[in-house]
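Below: the structure, in structure tokens.
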Amino acid sequence: MTTAGPAAPGRTVRQWLEARGALGKDTVAAARGGELLDLLTRLPDGEGLEPVSASDPRALEVLRHTTAHVMADAVQRLFPGTKVTIGPSIADGFYYDFDRPDGAFVEEDLPRIEEEMRRIVAADLPLERVEVSRAEAEALFEKLGEPYKLEILRDLPPDVTITLYRHGEWVDLCRGPHVPSTGRIRAFKLTSTAGAYWRGDERNKMLSRIYGTAFFDEKALREHLARIEEAKKRDHRKLGRELDLFSVSEQIGGGLVLWHPKGAFVRRQIEDYWRAQHLAHGYDLLFSPHIGRAELWQRSGHLGFYKDNMYAPMEIEGNPYILKPMNCPFHIEIYRSRVRSYRELPLRWAELGSVYRFERSGQLHGLLRVRGFTQDDAHLFLRRDQLGAEILRLIDFSTAILRAFGFSDYKMVLATRPKESSGDPALWAEAERFLRQGLEETGCGFEVEEGGGAFYGPKIDIHVQDALGRSWQCSTIQADFIQPENFDLTYAAADGTLPRPVMLHRTLLGSMERFFGVLVEHLAGAFPVWLAPVQAAILTVSEKQAAYGREAGAICRARGLRVAVDDGPDKLGAKIREWRNQRVPYLAVIGDREAAERTVTPRSRTEGDLGAMPLATFVDRLAAEAAPPPLELRYP
RNA sequence: GCCCACGUAGCUCAGUCGGUAGAGCACCUCCUUGGUAAGGAGGAGGUCACCGGUUCGAUCCCGGUCGUGGGCUCCA
């Protein structure tokens with residue numbers, strides 16, 4: 001670096017903290033009003049500064065950012081000519097994107113880079129922060145031959161303070177914050193490589209990304225890597241095969257799911273519960289066809305804004321028909337099939353509707369991203385004065401259903417009016433207000449994505465996290481002020497006028513495919529008794545008890561329970577192992593003693609051996625657990 | 001679609017510096033009738049993803065296609 005820059009006024013964060021005696025040995029950064037600052041930043045005053053120690057979760061963000069710098073330094077030492085771009089901290093680690101002239105980095109490069117990084121860490125180089133003028137920064141990156149940094153620099157707003165961070169010889173244009181020195185990085189690992197477009201835009205050059213993670217100690221790193229291993233064991237694609245739940249066949253095509261008997265059974269249980277709850281809470285159920293005339297999609301606007309996700313039309317007697325990517329136009333046509341009265345509203349119409357959407361091959365992923373799927377869709381047609389109450393009920397209903405399946409942690413996002421939008425602004429404001437209120441009442445906390453709504457209305461998305469930490473959108477609740485216009489929907493009001501109804505679109509589970517995939521990972525394949533395809537396996541100690549075993553099985557089945565009887569020649573240990581691996585909730589052992597006394601010795605998946613009990617007692621217990629969970633609603 | 005990696009038995013994977021293949025599990029048969037996470041023996045099972053090229057000869061080397069995985073943008 002050539003210039004130290006103009007001396008900024010005030011003292012550094014370190015000095016402010018030191019003066020107050022608040023600087024600990026493990027202080028790696030500071031925070032003020034939700035903003036993270038490093039110890040090098042100069043401030044006119046030390047007001048409200050709190051030290052951030054290595055044990056603070058926020059410190060990891062800082063550490064990982066510094067580790068990204070160390071990695072970029074190592075990469076440029078080992079691979080001269082490689083250009084740096086950006087390298088932020090992310091949820092579980094960090095990445096840095098490079099433009100390497102001799103091609104992308106591969107996994108085999110990682111150990112070498114790690115080794116070089118260890119040298120930089122061992123040297124314990126202090127991080128330096130320098131504020132510079134725009135001209136100085138440009139001159140520097142011009143000299144270093146870093147075109148991407150120059151591009152970032154040019155796009156920075158004019159009033160921003162430009163800072164450089166340096167450790168040893170290596171310098172980067174960076175906002176910070178960073179830990180005080182590279183020696184703070186006690187444990188790190190480079191995890192994978194990937195391609196990534198410059199600025200995430202596929203029209204731009206494909207860069208080479210290296211992912212890594214870092215911690216303040218080895219133990220935390222080991223635990224993190226163990227969590228990733230555990231997540232791999234829960235991968236729904238692996239469990240789907242092992243538990244014989246579903247498959248995707250090359251012969252049939254990517255993203256098209258085959259539901260095997262056990263997976264189909266669980267799906268049907270979910271659907272039956274879903275139907276029962278809808279019928280119990282004011283919904284009517286619909287069916288609609290899989291294809292519809294192109295004009296329908298023209299009118300709905302899908303051919304305009306959703307074309308890229310739709311399959312090409314097929315011709316039927318000279319008319320183009322389209323495989324449906326959404327159910328709404330069909331439900332709207334049902335609404336239009338006759339005159340509607342204000343007395344009928346709200347209409348709540350739900351359908352498990354199968355839709356087909358084009359996804360690019362690289363996007364397909366097990367059950368979580370597919371080309372054909374069944375949405376648990378619903379459309380609500382309301383009078384405007386019903387909007388608020390209905391939104392509150394909908395959020396309540398959605399979260400209650402998710403809780404019934406064991407999901408209590410989800411991320412909720414309220415997406416508000418975008419710049420380009422249609423519809424009455426007062427209606428937008430009203431819908432947003434009720435969406436917000438509904439979210440507040442759940443007490444779960446939510447994010448607001450300003451301007452993130454669709455052009456036709458605001459929405460709430462509920463995301464569930466999978467075992468690998470990826471977030472998947474399941475529920476969505478969307479207000480729609482446009483389709484009623486497009487299709488000229490009306491109802492007869494009390495005063496004889498014909499106002500437009502308001503529409504709400506929503507899915508609770510998202511799609512049966514995605515929800516099932518997320519559920520499998522969430523439960524690690526261990527379905528609760530009410531969902532499990534096999535609720536209990538009756539295991540005979542030897543083939544001598546086969547007759548009693550089969551009789552016990554028949555008694556269970558007569559109570560509506562799903563049981564398997566294993567009276568084969570395997571030893572008991574082998575049977576237990578096999579059925580446990582199938583995640584069967586109860587195993588009931590039958591030997592000579594049980595056969596003589598008409599008992600079983602059950603073993604619960606969670607509690608282990610329960611001791612001998614009369615067969616009837618076991619059946620009662622199982623039957624009680626087989627009941628679907630009650631729905632806990634605030635607005636029943 | 002793009003970048004990188006991968007594609008060998010139903011599954012998990014060895015292997016062949018170019019001479020058409022192997023293990024464990026699963027499956028089938030037999031022996032064993034065994035009390036809480038794998039009893040024993042035998043058998044069957046492969047166009048080494050597909051199509052071309054190089055070669056006397058390709059599962060292996062080269063090119064293409066398809067598929068899968070990790071990412072990148074959008075989305076249930």
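Letters A, B, ... mark the chains of the structure tokens in the order given; residue numbers begin at 1 per chain; ligand numbers begin at 1, in order shown.
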### Task
Could you list the residues in chain B lying within 7 Å of chain A, using only C-alpha atoms (C1' of nucleotides), and format the result as an MDAnalysis selection string?
chainID B and resid 1 3:4 33:38 67 70:73 76
File dump, residues just selected, N, CA and C atoms (P, O5', C5', C4', C3', O3' and C1' of nucleotides), as a compact mmCIF listing (two decimals), in the first residue's frame:
```txt
# COMPACT_ATOMS: atom_id res chain seq x y z
P G B 1 -29.56 -28.61 -19.87
O5' G B 1 -28.98 -27.15 -20.05
C5' G B 1 -29.16 -26.40 -21.23
C4' G B 1 -28.70 -25.00 -20.93
C3' G B 1 -27.30 -24.89 -20.35
O3' G B 1 -26.35 -24.84 -21.40
C1' G B 1 -28.78 -23.62 -19.03
P C B 3 -19.81 -24.50 -19.21
O5' C B 3 -19.20 -24.37 -17.75
C5' C B 3 -18.31 -23.31 -17.44
C4' C B 3 -17.85 -23.45 -16.01
C3' C B 3 -17.35 -24.83 -15.63
O3' C B 3 -15.99 -25.01 -16.03
C1' C B 3 -18.84 -24.08 -13.97
P C B 4 -15.48 -26.48 -16.43
O5' C B 4 -15.43 -27.26 -15.04
C5' C B 4 -14.42 -26.96 -14.10
C4' C B 4 -14.71 -27.66 -12.79
C3' C B 4 -14.83 -29.17 -12.87
O3' C B 4 -13.57 -29.80 -12.90
C1' C B 4 -16.62 -28.31 -11.59
P U B 33 -31.53 -76.31 15.49
O5' U B 33 -32.25 -74.91 15.79
C5' U B 33 -31.81 -74.07 16.86
C4' U B 33 -32.95 -73.14 17.24
C3' U B 33 -34.14 -73.84 17.90
O3' U B 33 -34.73 -72.99 18.88
C1' U B 33 -34.86 -72.72 15.95
P G B 34 -34.02 -72.80 20.29
O5' G B 34 -33.19 -71.47 20.05
C5' G B 34 -31.89 -71.31 20.64
C4' G B 34 -31.20 -70.14 19.99
C3' G B 34 -31.79 -68.78 20.39
O3' G B 34 -31.13 -68.27 21.53
C1' G B 34 -31.63 -68.97 18.03
P G B 35 -31.97 -67.73 22.73
O5' G B 35 -32.75 -66.43 22.22
C5' G B 35 -32.07 -65.32 21.68
C4' G B 35 -32.69 -64.03 22.18
C3' G B 35 -32.20 -63.58 23.55
O3' G B 35 -32.21 -62.16 23.54
C1' G B 35 -34.52 -63.82 23.61
P U B 36 -30.93 -61.31 24.10
O5' U B 36 -30.96 -59.95 23.29
C5' U B 36 -30.79 -59.94 21.86
C4' U B 36 -31.35 -58.65 21.31
C3' U B 36 -30.91 -57.40 22.08
O3' U B 36 -30.82 -56.35 21.16
C1' U B 36 -33.24 -57.53 22.06
P A B 37 -29.41 -55.71 20.76
O5' A B 37 -29.16 -56.39 19.35
C5' A B 37 -30.04 -56.27 18.27
C4' A B 37 -29.25 -56.03 17.01
C3' A B 37 -27.75 -55.79 17.21
O3' A B 37 -27.09 -56.13 16.01
C1' A B 37 -28.75 -53.85 16.38
P A B 38 -25.86 -57.22 16.02
O5' A B 38 -26.43 -58.41 15.13
C5' A B 38 -27.47 -58.18 14.20
C4' A B 38 -27.36 -59.17 13.07
C3' A B 38 -26.17 -60.13 13.14
O3' A B 38 -26.42 -61.24 12.28
C1' A B 38 -25.82 -58.64 11.40
P G B 67 -30.66 -35.48 -19.41
O5' G B 67 -30.18 -36.36 -18.16
C5' G B 67 -30.93 -37.51 -17.77
C4' G B 67 -30.14 -38.31 -16.76
C3' G B 67 -29.78 -37.57 -15.48
O3' G B 67 -30.85 -37.52 -14.58
C1' G B 67 -27.89 -38.73 -16.28
P G B 70 -26.60 -32.12 -4.15
O5' G B 70 -25.28 -31.24 -4.17
C5' G B 70 -24.24 -31.47 -3.23
C4' G B 70 -23.14 -30.48 -3.47
C3' G B 70 -23.61 -29.05 -3.66
O3' G B 70 -23.87 -28.43 -2.42
C1' G B 70 -22.06 -29.57 -5.36
P G B 71 -24.92 -27.23 -2.33
O5' G B 71 -24.07 -26.07 -3.01
C5' G B 71 -24.70 -25.10 -3.77
C4' G B 71 -23.63 -24.32 -4.48
C3' G B 71 -24.18 -23.16 -5.28
O3' G B 71 -24.24 -22.01 -4.45
C1' G B 71 -22.85 -24.49 -6.69
P C B 72 -25.54 -21.08 -4.47
O5' C B 72 -25.38 -20.37 -5.88
C5' C B 72 -24.29 -19.51 -6.14
C4' C B 72 -24.33 -19.02 -7.56
C3' C B 72 -25.70 -18.51 -8.02
O3' C B 72 -25.91 -17.16 -7.60
C1' C B 72 -24.80 -19.95 -9.65
P U B 73 -27.23 -16.73 -6.85
O5' U B 73 -28.25 -16.48 -8.04
C5' U B 73 -28.32 -15.22 -8.69
C4' U B 73 -29.38 -15.27 -9.75
C3' U B 73 -30.80 -15.52 -9.24
O3' U B 73 -31.43 -14.33 -8.83
C1' U B 73 -30.35 -16.99 -11.03
P A B 76 -43.44 -19.60 -5.31
O5' A B 76 -43.67 -21.13 -4.96
C5' A B 76 -44.84 -21.47 -4.20
C4' A B 76 -44.60 -22.82 -3.56
C3' A B 76 -43.18 -23.04 -3.06
O3' A B 76 -42.99 -22.48 -1.78
C1' A B 76 -43.89 -24.92 -4.30
```
### Task
Please run DSSP on the backbone and report, as a PyMOL selection string, all residues within stretch 88-190 of chain A that come out as strand (DSSP E).
chain A and resi 89-90+93-99+127-132+162-167+170-173+187-190
### Task
Write out as a list in words the residues lying within 6 Å of A:Trp349, counting only C-alpha atoms (C1' of nucleotides) and excluding same-chain residues fewer than 6 positions away.
Tyr283, Asp284, Leu285, Ala378 and His379 of chain A
### Message
Taking 3 positions as the minimum chain separation for residues in the same chain, which residues sit within 9 Å of A:Ile555 when counting only C-alpha atoms (C1' of nucleotides)? Answer as a PyMOL selection string.
### Response
chain A and resi 550-552+558-559+561+615-616+619
### Task
Check the smallest atom-to-atom distance from each of B:C62, B:C28, B:C56, B:C74 to B:A44 using only C-alpha atoms (C1' of nucleotides), then report the winner.
B:C28
#### Entry: Exercise: A:Val160 partners within 12 Å, only C-alpha atoms (C1' of nucleotides), chain neighbours under 6 positions left out, as a list in words
Glu131, Val132, Ser133, Arg134, Leu153, Arg154, Cys174 and Arg175 of chain A
### Task
Using only C-alpha atoms (C1' of nucleotides), determine which residues lie at most 12 Å from B:U29, disregarding the query and same-chain residues fewer than 6 positions distant; provide the list as a VMD selection string.
chain B and resid 41 to 44
Since we have the selection now, will you write its residues out, keeping C-alpha atoms (C1' of nucleotides), as a PDB file, in the first residue's frame?
```
ATOM      1  C1'   A B  41     -22.733 -72.415   3.686  1.00  0.00           C
ATOM      2  C1'   G B  42     -23.814 -72.187  -1.367  1.00  0.00           C
ATOM      3  C1'   G B  43     -26.048 -69.692  -5.705  1.00  0.00           C
ATOM      4  C1'   A B  44     -27.748 -66.220  -9.060  1.00  0.00           C
TER       5        A B  44
END
```
### Task
Would you list the contacts of A:Pro80 as a ChimeraX atom specification, taking every protein, DNA or RNA residue within 12 Å and counting only C-alpha atoms (C1' of nucleotides), but skipping same-chain residues closer than 2 positions in sequence?
/A:72-78,82-84,98-102,144-145
### Query
What is the distance between atom CA of A:Gly46 and atom CA of A:Ala29, in Å to one decimal?
13.6 Å
### Task
Going by DSSP on the backbone, which bits of stretch 143-382 of chain A are helix (DSSP H, G or I)? Write them as a PyMOL selection string, please.
chain A and resi 143-144+147-155+182-184+198-200+218-233+236-242+261-280+294-300+302-305+307-309+328-335+361-363
### Message
Just the number, please: distance in Å from atom CA of A:Phe397 to atom CA of A:Leu439, one decimal.
### Response
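About the pair atom CA of A:Phe397 and atom CA of A:Leu439: they are 12.2 Å apart.
Note that atom CA of A:Arg166 and atom CA of A:Arg11 are 19.3 Å apart.
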